[in-house]
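Dropping upload_31.txt in here (compact mmCIF, C-alpha atoms and all ligand atoms):
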# COMPACT_ATOMS: atom_id res chain seq x y z
CA MET B 1 42.28 30.22 10.02
CA LYS B 2 44.23 27.45 8.30
CA LYS B 3 43.48 25.15 11.24
CA ILE B 4 39.73 25.80 11.05
CA LEU B 5 39.77 25.03 7.33
CA LYS B 6 41.60 21.77 7.99
CA ILE B 7 39.03 20.70 10.61
CA PHE B 8 36.17 21.66 8.32
CA CYS B 9 37.64 19.63 5.42
CA THR B 10 38.21 16.59 7.68
CA ILE B 11 34.58 16.71 8.90
CA LEU B 12 33.36 17.06 5.32
CA VAL B 13 35.40 14.05 4.18
CA ILE B 14 34.05 11.98 7.10
CA ILE B 15 30.44 12.93 6.25
CA VAL B 16 30.96 12.06 2.58
CA LEU B 17 32.55 8.71 3.56
CA ILE B 18 29.63 7.89 5.87
CA PHE B 19 27.11 8.63 3.11
CA CYS B 20 29.12 6.61 0.58
CA SER B 21 29.35 3.59 2.88
CA LEU B 22 25.62 3.79 3.68
CA PHE B 23 24.88 3.90 -0.06
CA VAL B 24 27.22 0.99 -0.81
CA TYR B 25 25.72 -1.05 2.08
CA ASP B 26 22.23 -0.32 0.78
CA ARG B 27 23.15 -1.45 -2.75
CA ILE B 28 24.91 -4.61 -1.56
CA THR B 29 21.99 -5.69 0.65
CA ILE B 30 19.19 -4.56 -1.66
CA ASN B 31 18.16 -8.09 -2.67
CA ASN B 32 18.43 -9.55 0.81
CA GLN B 33 15.34 -11.24 2.15
CA TYR B 34 14.45 -11.47 5.81
CA ASN B 35 12.18 -13.41 8.14
CA ILE B 36 9.99 -11.35 10.46
CA SER B 37 12.30 -12.05 13.40
CA GLU B 38 15.46 -11.02 11.57
CA LYS B 39 15.23 -7.34 10.79
CA ASN B 40 12.85 -4.45 11.40
CA LEU B 41 11.63 -3.80 7.86
CA LEU B 42 9.66 -0.73 6.85
CA ILE B 43 6.68 -1.86 4.78
CA PRO B 44 4.90 1.14 3.25
CA ILE B 45 1.44 0.64 1.79
CA ILE B 46 0.69 3.25 -0.85
CA ILE B 47 -2.85 4.52 -1.49
CA TYR B 48 -4.16 5.50 -4.88
CA HIS B 49 -7.74 5.99 -6.00
CA ASP B 50 -8.38 6.60 -9.70
CA ILE B 51 -5.76 6.66 -12.46
CA VAL B 52 -6.53 9.14 -15.24
CA GLU B 53 -4.93 10.06 -18.54
CA LYS B 54 -4.65 13.85 -18.45
CA ASP B 55 -3.62 16.48 -15.90
CA GLU B 56 -6.98 18.25 -16.39
CA GLU B 57 -8.77 15.21 -14.97
CA VAL B 58 -7.02 15.60 -11.62
CA VAL B 59 -9.48 17.35 -9.30
CA PHE B 60 -7.88 16.35 -5.97
CA ASP B 61 -4.32 15.03 -5.88
CA TYR B 62 -5.34 12.30 -3.42
CA MET B 63 -8.22 11.09 -5.61
CA GLN B 64 -6.84 11.12 -9.15
CA THR B 65 -3.32 10.35 -10.32
CA THR B 66 -2.24 10.66 -13.92
CA TYR B 67 -0.92 7.48 -15.50
CA GLU B 68 2.38 9.27 -16.11
CA THR B 69 2.80 10.17 -12.41
CA PHE B 70 1.76 6.70 -11.26
CA LYS B 71 4.16 5.03 -13.68
CA ASN B 72 7.05 7.31 -12.71
CA GLN B 73 6.46 6.76 -9.00
CA ILE B 74 6.33 2.97 -9.18
CA ASN B 75 9.14 2.67 -11.76
CA GLY B 76 11.24 5.01 -9.60
CA LEU B 77 10.67 2.98 -6.44
CA ILE B 78 11.43 -0.28 -8.25
CA LYS B 79 14.66 1.16 -9.69
CA LEU B 80 15.76 1.99 -6.15
CA GLY B 81 15.22 -1.58 -5.03
CA TYR B 82 11.62 -1.48 -3.79
CA LYS B 83 9.66 -4.69 -4.45
CA PRO B 84 5.86 -4.67 -4.75
CA ILE B 85 4.26 -7.46 -2.70
CA THR B 86 0.74 -8.74 -1.99
CA TYR B 87 -1.29 -8.92 1.21
CA LYS B 88 -0.89 -12.70 0.98
CA ASP B 89 2.90 -12.23 1.10
CA LEU B 90 2.51 -9.93 4.10
CA ILE B 91 0.26 -12.38 5.95
CA GLU B 92 2.66 -15.26 5.32
CA TYR B 93 5.56 -13.07 6.44
CA THR B 94 3.84 -12.18 9.74
CA GLU B 95 3.13 -15.88 10.26
CA GLY B 96 6.83 -16.64 9.83
CA GLU B 97 6.22 -18.62 6.64
CA LYS B 98 7.80 -16.29 4.14
CA LYS B 99 10.75 -13.94 3.81
CA LEU B 100 10.31 -10.43 2.45
CA TYR B 101 12.72 -8.27 0.50
CA LYS B 102 14.37 -5.50 2.45
CA LYS B 103 12.32 -2.84 0.68
CA SER B 104 8.92 -4.41 0.20
CA PHE B 105 5.85 -2.28 -0.37
CA ILE B 106 2.19 -2.67 -1.34
CA ILE B 107 0.34 -0.73 -4.03
CA THR B 108 -3.37 -0.22 -3.28
CA PHE B 109 -6.33 1.41 -5.01
CA ASP B 110 -9.45 2.41 -3.10
CA ASP B 111 -13.05 2.46 -4.42
CA GLY B 112 -12.70 0.30 -7.57
CA TYR B 113 -12.54 2.99 -10.24
CA GLU B 114 -12.48 2.27 -13.96
CA GLY B 115 -8.93 3.74 -14.09
CA VAL B 116 -7.64 0.71 -12.19
CA TYR B 117 -8.81 -1.56 -15.00
CA LYS B 118 -7.87 0.86 -17.77
CA TYR B 119 -4.40 1.94 -16.60
CA ALA B 120 -3.10 0.21 -13.46
CA TYR B 121 -3.99 -3.32 -14.59
CA PRO B 122 -2.20 -3.07 -17.98
CA TYR B 123 0.78 -1.55 -16.15
CA ALA B 124 0.79 -4.46 -13.69
CA LEU B 125 0.66 -6.93 -16.61
CA GLU B 126 3.40 -5.20 -18.53
CA ASN B 127 5.74 -5.05 -15.55
CA ASN B 128 4.64 -8.25 -13.83
CA ILE B 129 3.93 -6.56 -10.52
CA PRO B 130 1.14 -7.22 -8.02
CA ILE B 131 -1.41 -4.54 -7.15
CA THR B 132 -4.43 -4.52 -4.83
CA SER B 133 -7.87 -3.03 -5.42
CA PHE B 134 -10.45 -2.40 -2.68
CA LEU B 135 -13.91 -2.24 -4.25
CA ILE B 136 -17.25 -0.91 -3.04
CA ASN B 137 -19.76 -3.65 -3.86
CA ASP B 138 -22.69 -1.32 -4.55
CA LYS B 139 -20.60 0.70 -7.01
CA VAL B 140 -19.27 -2.16 -9.14
CA GLY B 141 -20.34 -1.73 -12.78
CA THR B 142 -21.83 1.76 -12.24
CA PRO B 143 -20.45 4.71 -14.28
CA GLY B 144 -16.79 5.35 -13.44
CA TYR B 145 -16.27 1.99 -11.70
CA TYR B 146 -15.07 -1.32 -13.14
CA SER B 147 -17.54 -4.17 -13.62
CA TRP B 148 -17.58 -7.68 -12.12
CA ASP B 149 -16.44 -9.03 -15.52
CA GLU B 150 -13.46 -6.69 -15.42
CA ALA B 151 -12.82 -7.64 -11.79
CA ARG B 152 -12.79 -11.31 -12.80
CA GLU B 153 -10.41 -10.62 -15.68
CA MET B 154 -7.99 -8.75 -13.39
CA ASP B 155 -8.27 -11.45 -10.74
CA LYS B 156 -7.52 -14.22 -13.26
CA SER B 157 -4.26 -12.50 -14.22
CA GLY B 158 -2.95 -13.39 -10.77
CA LEU B 159 -1.53 -9.88 -10.42
CA VAL B 160 -4.56 -8.04 -9.05
CA SER B 161 -5.88 -8.87 -5.59
CA ILE B 162 -9.43 -7.70 -5.03
CA TYR B 163 -10.66 -7.04 -1.50
CA SER B 164 -13.36 -5.10 0.34
CA HIS B 165 -13.89 -1.37 0.79
CA SER B 166 -17.39 -2.09 2.23
CA MET B 167 -20.80 -2.55 0.64
CA LYS B 168 -21.76 1.11 0.44
CA HIS B 169 -18.85 3.37 1.52
CA ASP B 170 -20.57 4.81 4.58
CA ASN B 171 -19.22 6.43 7.77
CA TYR B 172 -18.54 3.13 9.49
CA ASP B 173 -17.19 4.74 12.66
CA LYS B 174 -20.85 5.51 13.47
CA TYR B 175 -21.96 1.90 13.00
CA GLU B 176 -22.62 -0.57 15.78
CA PRO B 177 -19.81 -3.18 15.68
CA GLU B 178 -22.23 -5.95 14.61
CA GLU B 179 -23.55 -3.79 11.77
CA LEU B 180 -20.02 -3.13 10.53
CA LEU B 181 -19.18 -6.84 10.70
CA LYS B 182 -22.35 -7.66 8.74
CA ASP B 183 -21.47 -5.14 6.01
CA VAL B 184 -17.86 -6.24 5.63
CA THR B 185 -18.73 -9.96 5.73
CA GLU B 186 -21.42 -9.46 3.08
CA SER B 187 -18.94 -7.53 0.94
CA LEU B 188 -16.18 -10.16 1.22
CA ASN B 189 -18.65 -13.01 0.60
CA GLN B 190 -19.98 -11.36 -2.54
CA ILE B 191 -16.46 -10.79 -3.87
CA GLU B 192 -15.67 -14.48 -3.30
CA GLU B 193 -18.91 -15.49 -5.06
CA GLU B 194 -18.25 -13.22 -8.04
CA LEU B 195 -14.60 -14.25 -8.38
CA GLY B 196 -15.44 -17.89 -7.82
CA HIS B 197 -12.80 -18.59 -5.17
CA SER B 198 -11.94 -17.73 -1.60
CA ILE B 199 -9.88 -14.63 -0.84
CA GLU B 200 -7.91 -13.34 2.13
CA LYS B 201 -10.19 -11.34 4.41
CA VAL B 202 -8.84 -7.85 3.82
CA PHE B 203 -10.82 -4.65 4.36
CA THR B 204 -10.09 -0.94 4.05
CA TYR B 205 -12.15 1.60 6.00
CA PRO B 206 -13.88 4.18 3.75
CA CYS B 207 -12.27 7.58 4.43
CA GLY B 208 -10.20 5.86 7.11
CA LEU B 209 -13.11 6.24 9.58
CA TYR B 210 -13.23 3.55 12.23
CA SER B 211 -14.13 2.92 15.87
CA GLU B 212 -12.11 0.83 18.30
CA GLU B 213 -15.13 -1.42 18.94
CA GLY B 214 -15.55 -1.98 15.20
CA GLN B 215 -11.86 -2.73 14.79
CA GLU B 216 -12.03 -5.25 17.63
CA ILE B 217 -15.03 -7.19 16.26
CA LEU B 218 -13.44 -7.40 12.80
CA LYS B 219 -10.19 -8.56 14.40
CA GLN B 220 -12.06 -11.28 16.32
CA ASN B 221 -13.42 -12.44 12.98
CA GLY B 222 -9.96 -12.51 11.41
CA ILE B 223 -10.52 -9.53 9.12
CA ILE B 224 -7.32 -7.68 8.22
CA GLN B 225 -7.87 -3.92 8.34
CA ASN B 226 -6.30 -0.95 6.61
CA PHE B 227 -6.27 2.62 7.83
CA THR B 228 -5.57 5.83 5.94
CA ASP B 229 -3.25 7.50 8.43
CA SER B 230 -0.05 8.34 6.54
CA LYS B 231 2.06 6.15 8.85
CA ILE B 232 4.57 3.47 7.85
CA ASN B 233 4.34 -0.18 8.96
CA GLN B 234 7.38 -1.56 10.72
CA SER B 235 7.72 -5.31 10.95
CA LYS B 236 8.61 -5.26 14.65
CA THR B 237 5.26 -3.66 15.55
CA ILE B 238 3.17 -4.73 12.56
CA ASN B 239 -0.53 -5.13 13.26
CA LEU B 240 -2.59 -6.79 10.51
CA TYR B 241 -5.75 -5.45 12.17
CA GLY B 242 -4.61 -1.84 11.85
CA LEU B 243 -2.26 -1.49 8.91
CA HIS B 244 -0.96 1.97 8.09
CA ARG B 245 -1.14 3.44 4.61
CA MET B 246 0.25 6.58 3.00
CA TYR B 247 -0.59 8.67 -0.05
CA ALA B 248 1.89 9.13 -2.88
CA LEU B 249 -0.05 12.13 -4.27
CA GLU B 250 1.93 13.74 -7.10
CA ASP B 251 5.24 13.30 -5.31
CA PRO B 252 8.40 12.46 -7.20
CA THR B 253 10.07 9.21 -6.07
CA TRP B 254 12.69 10.94 -3.91
CA LYS B 255 9.94 12.72 -1.96
CA ILE B 256 8.05 9.45 -1.36
CA ILE B 257 11.25 7.92 0.03
CA LEU B 258 11.93 10.95 2.22
CA LYS B 259 8.37 10.73 3.56
CA ILE B 260 8.79 7.01 4.32
CA GLU B 261 12.01 7.65 6.26
CA TYR B 262 10.73 10.79 7.99
CA ARG B 263 7.45 9.21 9.08
CA HIS B 264 9.24 6.12 10.30
CA PHE B 265 11.42 8.37 12.43
CA LYS B 266 8.49 10.57 13.53
CA TYR B 267 6.18 7.74 14.60
CA GLU B 268 8.94 5.45 15.91
CA SER B 269 8.44 6.32 19.55
ZN ZN B 301 -13.00 5.15 -0.44

Please render this file's structure as structure tokens.
Ligand SMILES: [Zn+2]
Amino acid sequence: MKKILKIFCTILVIIVLIFCSLFVYDRITINNQYNISEKNLLIPIIIYHDIVEKDEEVVFDYMQTTYETFKNQINGLIKLGYKPITYKDLIEYTEGEKKLYKKSFIITFDDGYEGVYKYAYPYALENNIPITSFLINDKVGTPGYYSWDEAREMDKSGLVSIYSHSMKHDNYDKYEPEELLKDVTESLNQIEEELGHSIEKVFTYPCGLYSEEGQEILKQNGIIQNFTDSKINQSKTINLYGLHRMYALEDPTWKIILKIEYRHFKYES
């Protein structure tokens, strides 16, 4: 009996030591930056839609997030060493022109809701962090969505990147490839016209619906594409023409991190 207890205690001490050394290693290397060829980084892209003030305004946890939850999630990730980056950073990283922090991630908002302007933008300003908004051109300035003036204001801050979520938020998997290309090109061109400068060509499929033919024609035209598939990007297999994104829902920070690690493990092979 005494022997079993001794073995058990030894194993326990070893496990604790392993966890402690992993934690210490993580802390020591938290501010390390890497080139794409140096280390296989996990680069989660988080999806939000609207940010609202009160719990009662949350109808679906994937569509509305309270400001409190959003703030706690991002503050929590940042405290643990996560660094918000832009799509421009990601593009330059994949081209070998820029290093990324070990725990880089992207914060995105689909649809262009008023809550982005009202809550996420002031948060970005206050904390000096970059965020990305994918707008639907036909919805801009309609009730519940931010206006072109507000888009311009956010864009001028240098902290909000505005890209395309299509002209009309249709089921684009049913579109002929040329039709999809026309829609996305029109959307990106209008955003450039309204903002008064060129932008990276970045597009997010409405409802994550896409066809392989559509993906291919956009790729041929250099359009970076985002899915809504809950997977995690890894730098060794990163594909700018099929980027993975995950929801944060109402999860506490520890759960978001567990999901990142679990999904990396699950979709590794
Ligand atoms: Zn959408």

Two-atom distance - atom CA of Pro252 of chain B, atom CA of Pro84 of chain B (Å):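 Distance reported for this atom pair: 17.5 Å.
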
Contacts of segment 200-214 of chain B within 9 Å, all atoms listed in the file, excl. fewer than 3 positions in-chain, as JSON, numbers by chain: {"B": [87, 88, 110, 111, 134, 162, 163, 164, 165, 166, 169, 170, 171, 172, 173, 174, 175, 176, 177, 178, 179, 180, 181, 184, 185, 188, 217, 218, 219, 222, 223, 224, 225, 226, 227, 228, 229]}

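Residue neighbourhood of Arg245 of chain B, excluding near-sequence residues (fewer than 3 positions): Pro44, Ile45, Ile46, Ile47, Phe227, Thr228, Asp229, Ser230, Lys231 and Ile232 of chain B, at 7 Å, using all atoms listed in the file.
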
Straight-line distance linking atom CA of Thr66 of chain B with atom CA of Lys54 of chain B, stated in Å to one decimal: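 Between these atoms lies a distance of 6.0 Å.
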
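Minimum atom-to-atom distances from B:Ala151, B:Leu249, B:Ile51, B:Ile257 to Tyr119 of chain B were compared using all atoms listed in the file, and the lowest value belongs to B:Ile51.
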
Atomic separation - atom CA of Gln220 of chain B relative to atom CA of Phe105 of chain B, Å: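 So the answer is 26.1 Å.
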
Since the input is missing atoms for segment 98-123 of chain B, could you rebuild it with N, CA and C atoms and give the result as a PDB file, keeping the file's coordinate frame?
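File produced: rebuild_13.pdb:
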ATOM      1  N   LYS B  98       7.219 -16.846   5.353  1.00  0.00           N
ATOM      2  CA  LYS B  98       7.800 -16.290   4.140  1.00  0.00           C
ATOM      3  C   LYS B  98       8.775 -15.172   4.468  1.00  0.00           C
ATOM      4  N   LYS B  99       9.817 -15.055   3.641  1.00  0.00           N
ATOM      5  CA  LYS B  99      10.750 -13.940   3.810  1.00  0.00           C
ATOM      6  C   LYS B  99      10.287 -12.797   2.910  1.00  0.00           C
ATOM      7  N   LEU B 100      10.620 -11.585   3.310  1.00  0.00           N
ATOM      8  CA  LEU B 100      10.310 -10.430   2.450  1.00  0.00           C
ATOM      9  C   LEU B 100      11.608  -9.726   2.077  1.00  0.00           C
ATOM     10  N   TYR B 101      11.587  -9.098   0.912  1.00  0.00           N
ATOM     11  CA  TYR B 101      12.720  -8.270   0.500  1.00  0.00           C
ATOM     12  C   TYR B 101      12.847  -7.097   1.461  1.00  0.00           C
ATOM     13  N   LYS B 102      14.053  -6.613   1.558  1.00  0.00           N
ATOM     14  CA  LYS B 102      14.370  -5.500   2.450  1.00  0.00           C
ATOM     15  C   LYS B 102      13.452  -4.286   2.234  1.00  0.00           C
ATOM     16  N   LYS B 103      13.153  -4.010   0.970  1.00  0.00           N
ATOM     17  CA  LYS B 103      12.320  -2.840   0.680  1.00  0.00           C
ATOM     18  C   LYS B 103      11.002  -3.239   0.023  1.00  0.00           C
ATOM     19  N   SER B 104      10.203  -3.995   0.742  1.00  0.00           N
ATOM     20  CA  SER B 104       8.920  -4.410   0.200  1.00  0.00           C
ATOM     21  C   SER B 104       7.887  -3.301   0.394  1.00  0.00           C
ATOM     22  N   PHE B 105       6.944  -3.232  -0.539  1.00  0.00           N
ATOM     23  CA  PHE B 105       5.850  -2.280  -0.370  1.00  0.00           C
ATOM     24  C   PHE B 105       4.613  -2.790  -1.092  1.00  0.00           C
ATOM     25  N   ILE B 106       3.463  -2.231  -0.726  1.00  0.00           N
ATOM     26  CA  ILE B 106       2.190  -2.670  -1.340  1.00  0.00           C
ATOM     27  C   ILE B 106       1.543  -1.490  -2.047  1.00  0.00           C
ATOM     28  N   ILE B 107       1.009  -1.767  -3.239  1.00  0.00           N
ATOM     29  CA  ILE B 107       0.340  -0.730  -4.030  1.00  0.00           C
ATOM     30  C   ILE B 107      -1.173  -0.973  -3.945  1.00  0.00           C
ATOM     31  N   THR B 108      -1.922  -0.008  -3.417  1.00  0.00           N
ATOM     32  CA  THR B 108      -3.370  -0.220  -3.280  1.00  0.00           C
ATOM     33  C   THR B 108      -4.187   0.877  -3.981  1.00  0.00           C
ATOM     34  N   PHE B 109      -5.388   0.484  -4.367  1.00  0.00           N
ATOM     35  CA  PHE B 109      -6.330   1.410  -5.010  1.00  0.00           C
ATOM     36  C   PHE B 109      -7.670   1.309  -4.289  1.00  0.00           C
ATOM     37  N   ASP B 110      -8.163   2.423  -3.790  1.00  0.00           N
ATOM     38  CA  ASP B 110      -9.450   2.410  -3.100  1.00  0.00           C
ATOM     39  C   ASP B 110     -10.595   2.697  -4.079  1.00  0.00           C
ATOM     40  N   ASP B 111     -11.754   2.153  -3.772  1.00  0.00           N
ATOM     41  CA  ASP B 111     -13.050   2.460  -4.420  1.00  0.00           C
ATOM     42  C   ASP B 111     -13.388   1.646  -5.675  1.00  0.00           C
ATOM     43  N   GLY B 112     -12.391   1.115  -6.383  1.00  0.00           N
ATOM     44  CA  GLY B 112     -12.700   0.300  -7.570  1.00  0.00           C
ATOM     45  C   GLY B 112     -13.021   1.103  -8.802  1.00  0.00           C
ATOM     46  N   TYR B 113     -12.279   2.148  -9.065  1.00  0.00           N
ATOM     47  CA  TYR B 113     -12.540   2.990 -10.240  1.00  0.00           C
ATOM     48  C   TYR B 113     -12.117   2.301 -11.546  1.00  0.00           C
ATOM     49  N   GLU B 114     -12.745   2.781 -12.614  1.00  0.00           N
ATOM     50  CA  GLU B 114     -12.480   2.270 -13.960  1.00  0.00           C
ATOM     51  C   GLU B 114     -10.981   2.413 -14.325  1.00  0.00           C
ATOM     52  N   GLY B 115     -10.352   3.488 -13.803  1.00  0.00           N
ATOM     53  CA  GLY B 115      -8.930   3.740 -14.090  1.00  0.00           C
ATOM     54  C   GLY B 115      -8.015   2.619 -13.639  1.00  0.00           C
ATOM     55  N   VAL B 116      -8.460   1.846 -12.652  1.00  0.00           N
ATOM     56  CA  VAL B 116      -7.640   0.710 -12.190  1.00  0.00           C
ATOM     57  C   VAL B 116      -7.578  -0.326 -13.311  1.00  0.00           C
ATOM     58  N   TYR B 117      -8.750  -0.587 -13.910  1.00  0.00           N
ATOM     59  CA  TYR B 117      -8.810  -1.560 -15.000  1.00  0.00           C
ATOM     60  C   TYR B 117      -8.125  -1.030 -16.262  1.00  0.00           C
ATOM     61  N   LYS B 118      -8.350   0.248 -16.528  1.00  0.00           N
ATOM     62  CA  LYS B 118      -7.870   0.860 -17.770  1.00  0.00           C
ATOM     63  C   LYS B 118      -6.370   1.135 -17.781  1.00  0.00           C
ATOM     64  N   TYR B 119      -5.815   1.534 -16.633  1.00  0.00           N
ATOM     65  CA  TYR B 119      -4.400   1.940 -16.600  1.00  0.00           C
ATOM     66  C   TYR B 119      -3.518   1.100 -15.670  1.00  0.00           C
ATOM     67  N   ALA B 120      -3.969   0.905 -14.425  1.00  0.00           N
ATOM     68  CA  ALA B 120      -3.100   0.210 -13.460  1.00  0.00           C
ATOM     69  C   ALA B 120      -2.950  -1.268 -13.813  1.00  0.00           C
ATOM     70  N   TYR B 121      -4.031  -1.892 -14.246  1.00  0.00           N
ATOM     71  CA  TYR B 121      -3.990  -3.320 -14.590  1.00  0.00           C
ATOM     72  C   TYR B 121      -3.042  -3.593 -15.772  1.00  0.00           C
ATOM     73  N   PRO B 122      -3.171  -2.838 -16.901  1.00  0.00           N
ATOM     74  CA  PRO B 122      -2.200  -3.070 -17.980  1.00  0.00           C
ATOM     75  C   PRO B 122      -0.753  -2.810 -17.538  1.00  0.00           C
ATOM     76  N   TYR B 123      -0.564  -1.822 -16.659  1.00  0.00           N
ATOM     77  CA  TYR B 123       0.780  -1.550 -16.150  1.00  0.00           C
ATOM     78  C   TYR B 123       1.301  -2.747 -15.335  1.00  0.00           C
TER      79      TYR B 123
END
